[in-house]
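In what follows, a single structure is set out as structure tokens and then discussed.
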Amino acid sequence: MSVQNAGRWGLLAPRGGAANRHSPVPLLARFARNRLAVAGFIIVALFFLFCFVGPLLYSTDQVHTDLTQVNLRPGGAHWLGTDAVGHDEVGRLMYGGKVSLLVGLAAGVLATVIGTLWGAVAGYAGGWVDAVMMRVVDAGIAIPALFILLVVSAITTPDTGGLILILGLVSWLVPSRLVRAETLTLKSRDYVLTLRAIGGSHSRAITRHILPNSVSTIVVAATFQVADAILLVAYVSYLGLGVQPPATDWGGMLSAGLTAAYSGRWWLIVPPGLAIILVVCAFNAIGDGLRDAFDVKGRG
């Protein structure tokens, strides 16, 4: 076999190792053995069904106020009561959860994509390029993301799309460091060196070898980024700087129900608080399960 054919066929993926470890069937089997991760997946799936399918079965008006239905206790007509402007709390929980999950998921994916590309380029290029790019990351990490969010939210009133963009642009730093570390290891592997020896481009080395063999790091980082993004949305909205009424999210519901909690209207703060805790813990559990499923070092 010629060197060119070896590069075209035999070296498109490393033999054995990464390709076999990342095969879907054994990966899912290892993930399924982690009961906490499976429970987290079920919780996330149920919340997505609740927030996106639930409104089709439990229709409520979350735009107009109804002053005749203000602050009602949980009962038959309103399973979790109503808030200070007459909105049904179950419907509000669905409506707010849809925003929280969409923003968290989209912002987490955006942050992971940006961080992956930045870290892969920095690690592969090395030298002064790597030094400059990673100093940018270090400087960004030194500034708390919440502080940046508060400043931006105070200057402008972000809608859902704007919130996704802002969160993605302040959350990509940690994934970039993880992917860079992985890239530094992978770029010295034989299949990458051989590709470069037969004239393969840098972009091909990154897209066909570095990134596919970093998939475990990328996927695990993405799950944690989603959890962090949901928490950041809750923080900003709790301070009144998130999406504006009549839109809301779980953090905004917490902020709106805080004073009411002192009056005994627990149903305005306990459900959104529990929803945030459960979803964030569930995504973290999924991340832990995926990390264990991808990590097969030391296994026979």
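Residue numbering restarts at 1 for every chain of the structure tokens, chains are lettered A, B, ... in their displayed order, and ligands are numbered from 1 as they appear.
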Neighbour list for A:Leu165 as number ranges by chain, cut-off 8 Å, only C-alpha atoms, skip fewer than 3 positions in-chain:
A: 107, 110, 161-162, 168-169
Can I get the selected residues back with all heavy atoms, as a JSON list (two decimals), in the first residue's frame?
[["chain", "number", "residue", "atom", "x", "y", "z"],
["A", 107, "ALA", "N", -26.91, 28.27, 25.17],
["A", 107, "ALA", "CA", -25.70, 28.97, 25.63],
["A", 107, "ALA", "C", -24.59, 27.97, 25.94],
["A", 107, "ALA", "O", -23.41, 28.24, 25.66],
["A", 107, "ALA", "CB", -26.02, 29.80, 26.87],
["A", 110, "LEU", "N", -23.20, 26.82, 22.58],
["A", 110, "LEU", "CA", -22.42, 27.90, 21.97],
["A", 110, "LEU", "C", -21.08, 28.07, 22.67],
["A", 110, "LEU", "O", -20.03, 28.19, 22.01],
["A", 110, "LEU", "CB", -23.21, 29.21, 22.04],
["A", 110, "LEU", "CG", -22.50, 30.47, 21.51],
["A", 110, "LEU", "CD1", -22.16, 30.30, 20.03],
["A", 110, "LEU", "CD2", -23.39, 31.70, 21.72],
["A", 161, "GLY", "N", -32.63, 35.65, 22.79],
["A", 161, "GLY", "CA", -31.48, 35.47, 21.91],
["A", 161, "GLY", "C", -30.26, 36.21, 22.41],
["A", 161, "GLY", "O", -29.14, 35.69, 22.35],
["A", 162, "GLY", "N", -30.46, 37.43, 22.91],
["A", 162, "GLY", "CA", -29.34, 38.19, 23.44],
["A", 162, "GLY", "C", -28.73, 37.55, 24.66],
["A", 162, "GLY", "O", -27.50, 37.56, 24.85],
["A", 168, "GLY", "N", -23.06, 32.64, 26.16],
["A", 168, "GLY", "CA", -22.09, 31.86, 25.39],
["A", 168, "GLY", "C", -20.74, 32.53, 25.32],
["A", 168, "GLY", "O", -19.69, 31.87, 25.38],
["A", 169, "LEU", "N", -20.74, 33.87, 25.22],
["A", 169, "LEU", "CA", -19.48, 34.61, 25.07],
["A", 169, "LEU", "C", -18.72, 34.76, 26.38],
["A", 169, "LEU", "O", -17.54, 35.13, 26.36],
["A", 169, "LEU", "CB", -19.77, 35.99, 24.48],
["A", 169, "LEU", "CG", -20.25, 36.00, 23.03],
["A", 169, "LEU", "CD1", -20.56, 37.42, 22.57],
["A", 169, "LEU", "CD2", -19.22, 35.37, 22.10]]
Atom-to-atom span, atom CA of A:Gly104 and atom CA of A:Pro55, Å
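Pair atom CA of A:Gly104 / atom CA of A:Pro55 returns 19.7 Å.
Restricting the calculation to only C-alpha atoms, the smallest distance between A:Trp79 and any of A:Pro144, A:Trp267, A:Leu254, A:Val279 is found for A:Trp267.
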Run DSSP on the backbone and give me the residues of stretch 84-270 of chain A it puts in alpha helix (DSSP H), as a PyMOL selection string.
chain A and resi 89-125+127-142+145-155+160-170+173-186+190-197+202-205+215-238+250-261+270
Suppose you want the space between atom CA of A:Ile141 and atom CA of A:Thr183; what is it in Å?
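Atom CA of A:Thr183 lies 20.1 Å from atom CA of A:Ile141.
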A:Val152 environment, 12 Å, only C-alpha atoms, sequence neighbours closer than 3 positions dropped, as a ChimeraX atom specification:
/A:145-149,155-158,162-163,165-167,169-170,236,241-242
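Each of A:Val174, A:Val90, A:Val226, A:Val243 was compared to A:His78 using only C-alpha atoms, and A:Val90 turns out to be the nearest.
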Measuring atom to atom with only C-alpha atoms, identify which of A:Thr185, A:Ser237, A:Thr207, A:Thr217 is nearest to A:Ala154.
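Smallest distance to A:Ala154 is found for A:Ser237.
Atom pair atom CA of A:Leu178 / atom CA of A:Ile198: separated by 28.8 Å.
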Pick from A:Val270, A:Ala227, A:Ala106, A:Trp250: nearest to A:Gly40, with only C-alpha atoms counted?
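Between A:Val270, A:Ala227, A:Ala106, A:Trp250, the residue approaching A:Gly40 most closely is A:Ala227.
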With a distance cut-off of 8 Å and only C-alpha atoms, select the neighbouring residues of A:Ala221, excluding the residue or stretch itself and same-chain residues fewer than 2 positions from it, and output the selection as a PyMOL selection string.
chain A and resi 112+175+217-219+223-225+287
Could you take the residues named above and write them with N, CA, C and O atoms, as a compact mmCIF listing (two decimals), in the first residue's frame?
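Result file follows (part.txt):
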# COMPACT_ATOMS: atom_id res chain seq x y z
N THR A 112 -19.42 25.84 24.34
CA THR A 112 -18.59 24.67 24.07
C THR A 112 -17.99 24.73 22.66
O THR A 112 -16.81 24.39 22.47
N PRO A 175 -14.03 25.39 28.74
CA PRO A 175 -13.90 24.36 27.70
C PRO A 175 -12.66 24.54 26.83
O PRO A 175 -12.05 23.56 26.39
N THR A 217 -14.01 14.69 25.92
CA THR A 217 -13.80 15.93 26.66
C THR A 217 -14.84 16.97 26.28
O THR A 217 -15.38 17.68 27.13
N ILE A 218 -15.15 17.07 24.99
CA ILE A 218 -16.10 18.07 24.50
C ILE A 218 -17.50 17.79 25.02
O ILE A 218 -18.20 18.70 25.50
N VAL A 219 -17.94 16.54 24.95
CA VAL A 219 -19.30 16.20 25.37
C VAL A 219 -19.48 16.42 26.87
O VAL A 219 -20.49 16.98 27.32
N THR A 223 -22.07 19.27 28.89
CA THR A 223 -23.10 19.04 29.90
C THR A 223 -22.92 19.95 31.11
O THR A 223 -23.88 20.51 31.64
N PHE A 224 -21.67 20.13 31.53
CA PHE A 224 -21.41 21.03 32.66
C PHE A 224 -21.67 22.48 32.28
O PHE A 224 -22.12 23.27 33.10
N GLN A 225 -21.40 22.84 31.02
CA GLN A 225 -21.66 24.20 30.57
C GLN A 225 -23.15 24.51 30.57
O GLN A 225 -23.56 25.62 30.89
N GLY A 287 -23.12 14.62 33.27
CA GLY A 287 -21.72 14.89 32.95
C GLY A 287 -20.79 13.91 33.63
O GLY A 287 -19.84 13.40 33.01
Proximity to A:His87 - best of A:Ala122, A:Val220, A:Ala197, A:Leu268, only C-alpha atoms
A:Leu268
